[in-house]
$ cat upload_28.csv   # CSV, C-alpha atoms
chain,number,residue,atom,x,y,z
A,1,MET,CA,89.1,88.0,144.8
A,2,SER,CA,89.7,84.2,144.9
A,3,THR,CA,92.8,82.5,143.6
A,4,PRO,CA,92.4,81.4,139.9
A,5,SER,CA,91.7,77.7,139.5
A,6,VAL,CA,94.1,75.4,137.7
A,7,GLU,CA,91.3,74.5,135.4
A,8,ALA,CA,90.8,78.1,134.4
A,9,LEU,CA,94.5,78.6,133.9
A,10,ASN,CA,94.8,75.4,131.7
A,11,ALA,CA,91.8,76.5,129.7
A,12,ALA,CA,93.6,79.9,129.0
A,13,LEU,CA,96.8,78.2,128.0
A,14,ALA,CA,94.9,75.9,125.6
A,15,THR,CA,94.4,79.1,123.5
A,16,VAL,CA,98.2,79.6,123.1
A,17,ILE,CA,99.2,78.3,119.7
A,18,ASP,CA,102.7,77.3,119.0
A,19,PRO,CA,103.8,79.6,116.1
A,20,GLU,CA,105.5,76.9,114.2
A,21,LEU,CA,103.4,73.8,114.8
A,22,ARG,CA,100.2,75.8,114.8
A,23,ARG,CA,98.6,73.7,117.6
A,24,PRO,CA,97.9,74.5,121.2
A,25,ILE,CA,100.9,74.2,123.5
A,26,THR,CA,98.8,72.1,125.8
A,27,GLU,CA,98.3,69.5,123.1
A,28,LEU,CA,102.0,69.3,122.3
A,29,GLY,CA,103.3,68.5,125.7
A,30,MET,CA,104.9,71.9,126.0
A,31,LEU,CA,103.1,72.8,129.3
A,32,ASP,CA,105.3,71.7,132.2
A,33,SER,CA,103.4,73.2,135.1
A,34,VAL,CA,101.2,76.1,136.1
A,35,GLU,CA,100.2,77.3,139.5
A,36,ALA,CA,98.8,80.4,141.1
A,37,SER,CA,99.7,82.1,144.4
A,38,PRO,CA,97.1,83.5,146.8
A,39,ASP,CA,98.0,87.0,145.7
A,40,GLY,CA,97.0,86.1,142.1
A,41,THR,CA,100.5,85.7,140.6
A,42,VAL,CA,100.7,82.9,138.1
A,43,ARG,CA,103.9,80.9,137.4
A,44,VAL,CA,103.9,78.8,134.3
A,45,VAL,CA,106.7,76.6,133.0
A,46,VAL,CA,106.7,76.0,129.2
A,47,ARG,CA,108.9,73.4,127.5
A,48,LEU,CA,110.5,74.6,124.2
A,49,THR,CA,111.5,72.0,121.5
A,50,ILE,CA,115.1,73.3,121.4
A,51,ALA,CA,117.2,75.7,123.4
A,52,GLY,CA,117.5,78.3,120.6
A,53,CYS,CA,113.8,78.4,119.7
A,54,PRO,CA,113.5,81.5,117.5
A,55,LEU,CA,110.0,82.3,118.7
A,56,ARG,CA,110.5,82.0,122.4
A,57,GLU,CA,109.5,85.6,122.9
A,58,THR,CA,106.3,85.1,121.0
A,59,ILE,CA,105.3,82.1,123.1
A,60,THR,CA,106.1,84.0,126.3
A,61,ALA,CA,104.0,87.0,125.2
A,62,ASP,CA,101.1,84.9,124.1
A,63,ALA,CA,101.1,82.8,127.3
A,64,THR,CA,101.3,86.0,129.4
A,65,ALA,CA,98.4,87.6,127.5
A,66,ALA,CA,96.2,84.5,127.8
A,67,LEU,CA,96.7,84.1,131.5
A,68,THR,CA,96.3,87.9,132.2
A,69,ARG,CA,92.7,87.6,130.9
A,70,VAL,CA,91.8,85.1,133.6
A,71,PRO,CA,89.8,86.7,136.4
A,72,GLY,CA,91.9,87.0,139.6
A,73,VAL,CA,95.3,87.0,137.9
A,74,THR,CA,97.4,89.9,139.0
A,75,GLY,CA,100.7,89.0,137.4
A,76,VAL,CA,102.3,86.3,135.2
A,77,GLU,CA,105.8,84.8,135.4
A,78,VAL,CA,106.8,82.6,132.4
A,79,GLU,CA,109.8,80.2,132.7
A,80,LEU,CA,111.1,78.5,129.6
A,81,LYS,CA,112.7,75.1,129.8
A,82,VAL,CA,113.9,72.8,127.0
A,83,MET,CA,112.4,69.4,126.3
A,84,THR,CA,114.4,66.3,127.1
A,85,GLN,CA,115.2,63.9,124.3
A,86,ALA,CA,112.5,61.6,125.5
A,87,GLN,CA,109.9,64.4,125.4
A,88,ARG,CA,111.1,65.4,121.9
A,89,ASP,CA,110.8,61.8,120.7
A,90,ALA,CA,107.2,61.7,122.1
A,91,LEU,CA,106.4,64.9,120.3
A,92,LYS,CA,107.8,63.6,117.0
A,93,GLU,CA,105.8,60.4,117.3
A,94,GLN,CA,102.7,62.4,118.1
A,95,LEU,CA,103.2,64.6,115.0
A,96,ARG,CA,104.3,61.9,112.6
A,97,GLY,CA,102.2,59.0,113.9
A,98,ALA,CA,103.2,55.8,115.6
A,99,GLY,CA,106.9,55.1,115.3
A,100,GLY,CA,107.6,58.6,114.0
A,101,GLN,CA,108.0,57.2,110.5
A,102,ARG,CA,109.5,59.5,107.9
A,103,GLY,CA,107.7,59.7,104.5
A,104,ILE,CA,105.8,62.0,102.2
A,105,PRO,CA,102.5,62.5,104.0
A,106,PHE,CA,100.9,64.0,100.9
A,107,ASN,CA,101.1,60.6,99.2
A,108,GLU,CA,99.2,58.8,102.0
A,109,PRO,CA,95.9,57.3,100.9
A,110,GLY,CA,94.0,59.4,103.4
A,111,SER,CA,95.6,62.7,102.5
A,112,LEU,CA,93.1,65.4,101.5
A,113,THR,CA,95.8,68.0,100.6
A,114,LYS,CA,95.5,69.5,97.1
A,115,VAL,CA,99.1,69.8,95.7
A,116,PHE,CA,99.7,72.3,92.9
A,117,ALA,CA,103.0,72.4,91.1
A,118,VAL,CA,103.3,75.9,89.6
A,119,ALA,CA,105.3,75.7,86.4
A,120,SER,CA,106.4,78.0,83.5
A,121,GLY,CA,108.2,77.6,80.3
A,122,LYS,CA,110.7,80.3,81.0
A,123,GLY,CA,111.6,82.7,83.7
A,124,GLY,CA,110.3,86.3,84.1
A,125,VAL,CA,106.6,85.5,83.8
A,126,GLY,CA,105.9,86.1,87.5
A,127,LYS,CA,105.4,82.5,88.5
A,128,SER,CA,106.8,83.0,92.1
A,129,SER,CA,104.7,86.1,92.7
A,130,VAL,CA,101.6,84.2,91.5
A,131,THR,CA,102.4,81.2,93.7
A,132,VAL,CA,102.9,83.4,96.8
A,133,ASN,CA,99.7,85.4,96.3
A,134,LEU,CA,97.6,82.4,95.6
A,135,ALA,CA,98.8,80.7,98.8
A,136,CYS,CA,98.2,83.8,100.8
A,137,ALA,CA,94.7,84.3,99.3
A,138,LEU,CA,93.7,80.8,100.4
A,139,ALA,CA,95.3,81.2,103.9
A,140,ALA,CA,93.3,84.4,104.3
A,141,GLN,CA,90.2,82.4,103.7
A,142,GLY,CA,91.1,80.2,106.7
A,143,LEU,CA,92.7,77.3,104.8
A,144,ARG,CA,95.9,75.6,106.0
A,145,VAL,CA,98.5,76.3,103.3
A,146,GLY,CA,102.1,75.5,102.6
A,147,ILE,CA,104.7,76.4,100.0
A,148,VAL,CA,107.8,74.5,98.9
A,149,ASP,CA,110.2,76.7,97.1
A,150,ALA,CA,111.4,74.1,94.6
A,151,ASP,CA,113.4,76.6,92.5
A,152,VAL,CA,116.6,75.7,94.2
A,153,HIS,CA,118.8,77.7,91.9
A,154,GLY,CA,116.5,80.7,91.7
A,155,PHE,CA,114.8,80.7,95.1
A,156,SER,CA,112.8,83.9,95.8
A,157,VAL,CA,109.8,82.8,97.9
A,158,PRO,CA,111.3,83.8,101.3
A,159,ALA,CA,111.9,87.4,100.1
A,160,LEU,CA,108.5,87.6,98.5
A,161,MET,CA,107.0,86.5,101.9
A,162,GLY,CA,109.2,88.7,104.0
A,163,ILE,CA,110.7,85.7,105.8
A,164,THR,CA,114.2,86.1,107.4
A,165,GLN,CA,113.8,83.5,110.1
A,166,GLN,CA,115.5,80.1,109.7
A,167,PRO,CA,113.6,76.8,110.1
A,168,THR,CA,113.7,75.2,113.5
A,169,ARG,CA,115.3,71.7,113.7
A,170,VAL,CA,114.0,69.2,116.2
A,171,ASP,CA,116.5,66.4,115.6
A,172,ASP,CA,115.7,65.1,112.1
A,173,MET,CA,112.4,67.0,111.9
A,174,ILE,CA,112.3,70.6,110.4
A,175,LEU,CA,109.6,73.1,111.4
A,176,PRO,CA,109.1,75.6,108.6
A,177,PRO,CA,108.7,79.3,109.3
A,178,VAL,CA,105.2,80.7,109.0
A,179,ALA,CA,104.2,84.0,107.3
A,180,PHE,CA,100.7,85.3,106.8
A,181,GLY,CA,99.4,81.9,107.9
A,182,VAL,CA,101.5,80.1,105.2
A,183,LYS,CA,104.2,77.5,106.1
A,184,VAL,CA,107.2,78.0,103.9
A,185,ILE,CA,110.4,76.0,103.2
A,186,SER,CA,113.2,77.1,100.8
A,187,ILE,CA,116.8,76.3,100.2
A,188,GLY,CA,117.3,80.1,100.6
A,189,MET,CA,116.7,79.6,104.4
A,190,PHE,CA,119.9,77.4,104.6
A,191,VAL,CA,122.4,79.5,102.6
A,192,SER,CA,124.2,82.6,103.8
A,193,GLY,CA,123.6,85.9,102.1
A,194,ASN,CA,123.0,85.7,98.3
A,195,LYS,CA,125.2,82.7,97.8
A,196,ALA,CA,124.6,80.7,94.7
A,197,VAL,CA,123.5,77.0,94.9
A,198,ALA,CA,125.5,75.1,92.3
A,199,TRP,CA,123.9,71.6,92.5
A,200,ARG,CA,123.2,69.0,89.8
A,201,GLY,CA,120.4,66.6,89.3
A,202,PRO,CA,120.8,64.0,92.2
A,203,MET,CA,121.4,66.8,94.8
A,204,LEU,CA,118.3,68.7,93.5
A,205,HIS,CA,116.2,65.5,93.8
A,206,ARG,CA,117.5,64.8,97.3
A,207,ALA,CA,116.8,68.4,98.5
A,208,LEU,CA,113.2,68.2,97.3
A,209,GLU,CA,112.8,64.8,98.8
A,210,GLN,CA,114.1,66.1,102.2
A,211,PHE,CA,111.7,69.1,102.0
A,212,LEU,CA,108.8,66.7,101.6
A,213,THR,CA,109.9,64.1,104.2
A,214,ASP,CA,111.7,66.0,106.9
A,215,VAL,CA,109.7,69.2,107.0
A,216,TYR,CA,106.6,69.0,109.2
A,217,PHE,CA,103.8,70.8,107.5
A,218,GLY,CA,101.0,69.2,109.4
A,219,ASP,CA,97.6,68.7,107.9
A,220,LEU,CA,97.4,71.1,104.9
A,221,ASP,CA,94.4,71.9,102.7
A,222,ALA,CA,96.7,73.0,99.9
A,223,LEU,CA,100.4,72.8,99.1
A,224,PHE,CA,102.1,74.9,96.4
A,225,LEU,CA,105.4,74.0,94.8
A,226,ASP,CA,107.2,76.9,93.1
A,227,LEU,CA,109.0,75.0,90.3
A,228,PRO,CA,112.0,76.3,88.3
A,229,PRO,CA,111.2,77.3,84.7
A,230,GLY,CA,111.3,74.6,82.1
A,231,THR,CA,111.1,70.8,82.2
A,232,GLY,CA,114.4,69.9,84.0
A,233,ASP,CA,115.3,67.7,86.9
A,234,ILE,CA,113.0,69.2,89.5
A,235,ALA,CA,109.9,68.8,87.3
A,236,ILE,CA,110.8,65.1,86.8
A,237,SER,CA,111.5,64.7,90.6
A,238,VAL,CA,108.1,66.3,91.4
A,239,ALA,CA,106.4,63.8,89.2
A,240,GLN,CA,108.2,60.9,90.9
A,241,LEU,CA,107.8,62.2,94.5
A,242,LEU,CA,104.3,63.7,94.2
A,243,PRO,CA,102.5,61.8,91.4
A,244,ASN,CA,99.2,63.3,92.4
A,245,ALA,CA,100.4,66.9,92.1
A,246,GLU,CA,98.5,68.9,89.5
A,247,ILE,CA,100.4,71.2,87.2
A,248,LEU,CA,99.4,74.9,87.2
A,249,VAL,CA,101.1,76.7,84.2
A,250,VAL,CA,101.8,80.4,84.3
A,251,THR,CA,102.4,82.3,81.1
A,252,THR,CA,102.1,85.8,79.7
A,253,PRO,CA,99.9,86.9,76.7
A,254,GLN,CA,102.9,86.9,74.4
A,255,ALA,CA,102.7,84.2,71.7
A,256,ALA,CA,106.3,83.2,72.2
A,257,ALA,CA,105.9,82.8,75.9
A,258,ALA,CA,102.8,80.6,75.4
A,259,ASP,CA,104.8,78.4,72.9
A,260,VAL,CA,107.5,77.8,75.6
A,261,ALA,CA,105.0,77.3,78.4
A,262,GLU,CA,103.3,74.6,76.3
A,263,ARG,CA,106.3,72.5,76.8
A,264,ALA,CA,106.1,72.9,80.6
A,265,GLY,CA,102.5,71.8,80.5
A,266,THR,CA,102.8,68.9,78.1
A,267,ILE,CA,105.2,67.2,80.4
A,268,ALA,CA,102.0,65.9,82.0
A,269,THR,CA,101.5,63.6,79.1
A,270,GLN,CA,104.8,61.9,80.0
A,271,THR,CA,104.4,61.8,83.8
A,272,GLY,CA,100.7,61.0,83.9
A,273,GLN,CA,100.0,64.1,86.0
A,274,LYS,CA,96.9,66.3,85.7
A,275,LEU,CA,96.8,69.9,84.6
A,276,ALA,CA,95.0,72.2,87.0
A,277,GLY,CA,94.8,75.0,84.5
A,278,VAL,CA,96.6,78.0,83.0
A,279,VAL,CA,97.1,81.4,84.6
A,280,GLU,CA,97.9,84.4,82.3
A,281,ASN,CA,100.0,87.0,84.1
A,282,MET,CA,100.8,90.5,83.0
A,283,SER,CA,97.7,90.4,80.8
A,284,PHE,CA,97.2,94.2,80.3
A,285,LEU,CA,97.8,97.6,81.9
A,286,GLU,CA,94.8,99.6,83.0
A,287,MET,CA,95.1,103.2,81.8
A,288,PRO,CA,93.8,106.2,83.7
A,289,ASP,CA,91.0,106.7,81.1
A,290,GLY,CA,89.8,103.2,81.7
A,291,GLY,CA,91.3,101.7,78.6
A,292,ARG,CA,93.8,98.8,78.4
A,293,MET,CA,97.3,98.7,77.0
A,294,GLU,CA,98.3,95.2,76.1
A,295,LEU,CA,102.1,95.5,76.4
A,296,PHE,CA,102.8,91.8,75.8
A,297,GLY,CA,100.1,91.2,73.2
A,298,SER,CA,96.9,89.2,73.9
A,299,GLY,CA,95.5,85.8,73.7
A,300,GLY,CA,98.5,83.8,74.8
A,301,GLY,CA,96.8,82.2,77.9
A,302,ARG,CA,93.7,81.1,76.0
A,303,VAL,CA,95.7,79.7,73.1
A,304,LEU,CA,97.9,77.8,75.6
A,305,ALA,CA,94.9,76.4,77.4
A,306,GLU,CA,93.4,75.2,74.1
A,307,ARG,CA,96.7,73.6,73.0
A,308,LEU,CA,97.1,71.8,76.4
A,309,SER,CA,93.5,70.6,76.3
A,310,ALA,CA,94.2,69.0,72.9
A,311,ALA,CA,97.5,67.5,74.0
A,312,VAL,CA,96.2,65.8,77.2
A,313,GLY,CA,92.7,65.0,75.9
A,314,THR,CA,90.9,66.8,78.8
A,315,ASP,CA,89.7,70.3,79.4
A,316,VAL,CA,92.5,72.6,80.7
A,317,PRO,CA,90.8,75.8,81.7
A,318,LEU,CA,92.2,79.3,81.6
A,319,LEU,CA,91.7,80.1,85.3
A,320,GLY,CA,92.3,83.8,85.1
A,321,GLN,CA,94.1,86.8,83.6
A,322,ILE,CA,96.1,89.0,86.0
A,323,PRO,CA,96.6,92.6,85.0
A,324,LEU,CA,99.9,94.5,85.4
A,325,ASP,CA,100.0,96.5,88.7
A,326,ILE,CA,103.1,98.3,90.0
A,327,ARG,CA,101.8,97.4,93.6
A,328,LEU,CA,102.3,93.7,92.8
A,329,ARG,CA,106.0,94.3,92.2
A,330,GLU,CA,106.3,96.7,95.2
A,331,GLY,CA,104.6,94.2,97.4
A,332,GLY,CA,107.0,91.5,96.3
A,333,ASP,CA,110.0,93.7,97.0
A,334,ALA,CA,108.6,94.6,100.5
A,335,GLY,CA,107.7,91.0,101.3
A,336,ARG,CA,104.0,91.9,101.5
A,337,PRO,CA,101.7,90.0,99.0
A,338,LEU,CA,99.3,92.2,97.1
A,339,VAL,CA,96.2,90.1,98.0
A,340,LEU,CA,96.7,91.1,101.6
A,341,THR,CA,97.9,94.7,101.2
A,342,ALA,CA,95.6,95.9,98.4
A,343,PRO,CA,92.8,93.3,98.0
A,344,GLU,CA,90.6,95.8,96.2
A,345,THR,CA,92.9,96.1,93.2
A,346,ALA,CA,92.1,94.4,89.9
A,347,ALA,CA,95.2,92.2,90.1
A,348,ALA,CA,94.5,91.1,93.7
A,349,GLN,CA,90.9,90.3,92.8
A,350,ALA,CA,92.0,88.2,89.8
A,351,LEU,CA,94.4,86.3,92.0
A,352,GLN,CA,91.6,85.8,94.6
A,353,ASP,CA,89.3,84.5,91.9
A,354,ILE,CA,91.9,82.0,90.7
A,355,ALA,CA,92.6,80.9,94.3
A,356,GLY,CA,88.8,80.3,94.7
A,357,LYS,CA,88.7,78.1,91.6
A,358,LEU,CA,91.6,76.0,92.8
A,359,ASN,CA,90.0,75.6,96.2
A,360,ALA,CA,86.7,74.5,94.5
A,361,LYS,CA,88.5,71.8,92.6
A,362,PRO,CA,87.5,68.4,94.2
A,363,ARG,CA,90.2,66.2,95.6
A,364,GLY,CA,90.1,62.9,93.7
A,365,LEU,CA,89.2,59.7,95.6
A,366,ALA,CA,91.5,57.4,93.6
A,367,GLY,CA,93.6,55.3,95.9
A,368,MET,CA,91.8,56.5,99.0
A,369,SER,CA,90.4,54.2,101.6
A,370,LEU,CA,86.7,55.0,102.3
A,371,GLY,CA,86.5,52.8,105.4
A,372,ILE,CA,83.6,50.8,103.9
A,373,GLN,CA,83.5,47.0,104.5
A,374,PRO,CA,81.2,44.6,102.6
A,375,LYS,CA,78.6,42.8,104.8
$ encode --input "upload_28.csv" --output "structure tokens"
Amino acid sequence: MSTPSVEALNAALATVIDPELRRPITELGMLDSVEASPDGTVRVVVRLTIAGCPLRETITADATAALTRVPGVTGVEVELKVMTQAQRDALKEQLRGAGGQRGIPFNEPGSLTKVFAVASGKGGVGKSSVTVNLACALAAQGLRVGIVDADVHGFSVPALMGITQQPTRVDDMILPPVAFGVKVISIGMFVSGNKAVAWRGPMLHRALEQFLTDVYFGDLDALFLDLPPGTGDIAISVAQLLPNAEILVVTTPQAAAADVAERAGTIATQTGQKLAGVVENMSFLEMPDGGRMELFGSGGGRVLAERLSAAVGTDVPLLGQIPLDIRLREGGDAGRPLVLTAPETAAAQALQDIAGKLNAKPRGLAGMSLGIQPK
């Protein structure tokens, strides 16, 4: 059998995707060299962004698997090196654009990312579980999705996603961990154990700003922000940092919960943001005989949507009603979102339907350059 060609080896390595940057290693300047011996042994040298890259074993395994599939390859030896500072600078410039400028990419005129700020009037309505499952539902459809856990004091997204890995730092750029195809960043990834984060307004604003500027999410189709309950500092900071973000309000059927959630939604009248809609969680419990038990009452979501529509002067839809399901709670505790583990359940199907409606929402063209010149 003939010695594998360099072209065939490079083509195989082009299928190896960096787990954090989600792009081929051949495009990122990570491939240092590849050569094949007459006996079919292939030696490849891969440059890692940092010495302690947490996914080095994944890259090694994926490169080995890709090269093994090339006809004529009898063995693979992968050597890992670390990029020089010049190579890291070139990578950052490639990712961020000319000059490697820091900024909020989702505010750029050409950005097509839909940004949803998931809010609630009070805690305990399942806002974070809804956020995680909506993000995973869209990622399962092949979309590029990210989550910013903006609930700094009550962060829970990493646990709900089963993420224990810390973000990778490439100088001043942060690469977020990826779970179920979703890129995630949370302050919980930077604190030890279950330590409390006791920060006030300015520090909360700075943390959110750093998540949006220093974290490299790449080109996303959708970005979800899991906001803390209420209308405090973070809600105001989101309006300042991401003025195009649409607010998605989560409530329960209970009238009292809808009253409180109305305040979280009407902040849009002060910030000028749009309301994406209302999600009613814990709507009912399906009984074995097919009946429904409405543990928290009924109608709260529809009433809230009507009130918000009247307050902002535009239609705010009730996007869906999610039934109670013990598997939703169990999936959150295990770090396995329900839409992936039990997609056939009524709760998962309700979440998938809501995700589909969010995906179908058109991205506004206001402020975008269409590249059209008058003649």
$ residues_around --input "upload_28.csv" --residues "range 44-46 of chain A" --least-positions-apart "3" --cutoff "10 Å" --atoms "only C-alpha atoms" --output "count of residues only"
28
$ closest_atom_pairs --input "upload_28.csv" --of "range 280-362 of chain A" --to "range 154-166 of chain A" --cutoff "9 Å" --atoms "all atoms listed in the file" --output "tab-separated table"
residue	atom	partner	partner_atom	distance
A:Gly331	CA	A:Leu160	CA	7.7
A:Gly332	CA	A:Leu160	CA	4.7
A:Asp333	CA	A:Leu160	CA	6.5
A:Ala334	CA	A:Gly162	CA	6.9
A:Gly335	CA	A:Gly162	CA	3.9
A:Arg336	CA	A:Met161	CA	6.2
A:Pro337	CA	A:Met161	CA	7.0
$ atom_distance --input "upload_28.csv" --atom1 "CA of Gly272 in chain A" --atom2 "CA of Ala239 in chain A"
8.3 Å
$ atom_distance --input "upload_28.csv" --atom1 "CA of Gly188 in chain A" --atom2 "CA of Pro228 in chain A"
13.9 Å
$ residues_around --input "upload_28.csv" --residues "Val178 in chain A" --least-positions-apart "4" --cutoff "8 Å" --atoms "all atoms listed in the file" --output "PyMOL selection string"
chain A and resi 19-20+182-184
$ write_last_selection --input "upload_28.csv" --atoms "C-alpha atoms" --output "PDB file, in the coordinates of the input"
ATOM      1  CA  PRO A  19     103.800  79.600 116.100  1.00  0.00           C
ATOM      2  CA  GLU A  20     105.500  76.900 114.200  1.00  0.00           C
ATOM      3  CA  VAL A 182     101.500  80.100 105.200  1.00  0.00           C
ATOM      4  CA  LYS A 183     104.200  77.500 106.100  1.00  0.00           C
ATOM      5  CA  VAL A 184     107.200  78.000 103.900  1.00  0.00           C
TER       6      VAL A 184
END
$ closest_residue --input "upload_28.csv" --among "A:Phe116, A:Phe180, A:Phe190, A:Phe217" --to "Leu275 in chain A" --atoms "only C-alpha atoms"
A:Phe116
$ closest_residue --input "upload_28.csv" --among "A:Ala305, A:Val145, A:Met293, A:Leu55" --to "Ile17 in chain A" --atoms "all atoms listed in the file"
A:Leu55
$ atom_distance --input "upload_28.csv" --atom1 "CA of Ala51 in chain A" --atom2 "CA of Gln87 in chain A"
13.6 Å
$ residues_around --input "upload_28.csv" --residues "Gln141 in chain A" --least-positions-apart "3" --cutoff "10 Å" --atoms "only C-alpha atoms" --output "ChimeraX atom specification"
/A:136-138,144,352,355-356
$ closest_residue --input "upload_28.csv" --among "A:Leu220, A:Val152, A:Ala8, A:Ala261" --to "Gly181 in chain A" --atoms "all atoms listed in the file"
A:Leu220
$ closest_residue --input "upload_28.csv" --among "A:Ser2, A:Thr213, A:Thr271, A:Thr168" --to "Asn244 in chain A" --atoms "only C-alpha atoms"
A:Thr271
$ closest_residue --input "upload_28.csv" --among "A:Ala268, A:Met173, A:Val125, A:Ile247" --to "Asp214 in chain A" --atoms "only C-alpha atoms"
A:Met173
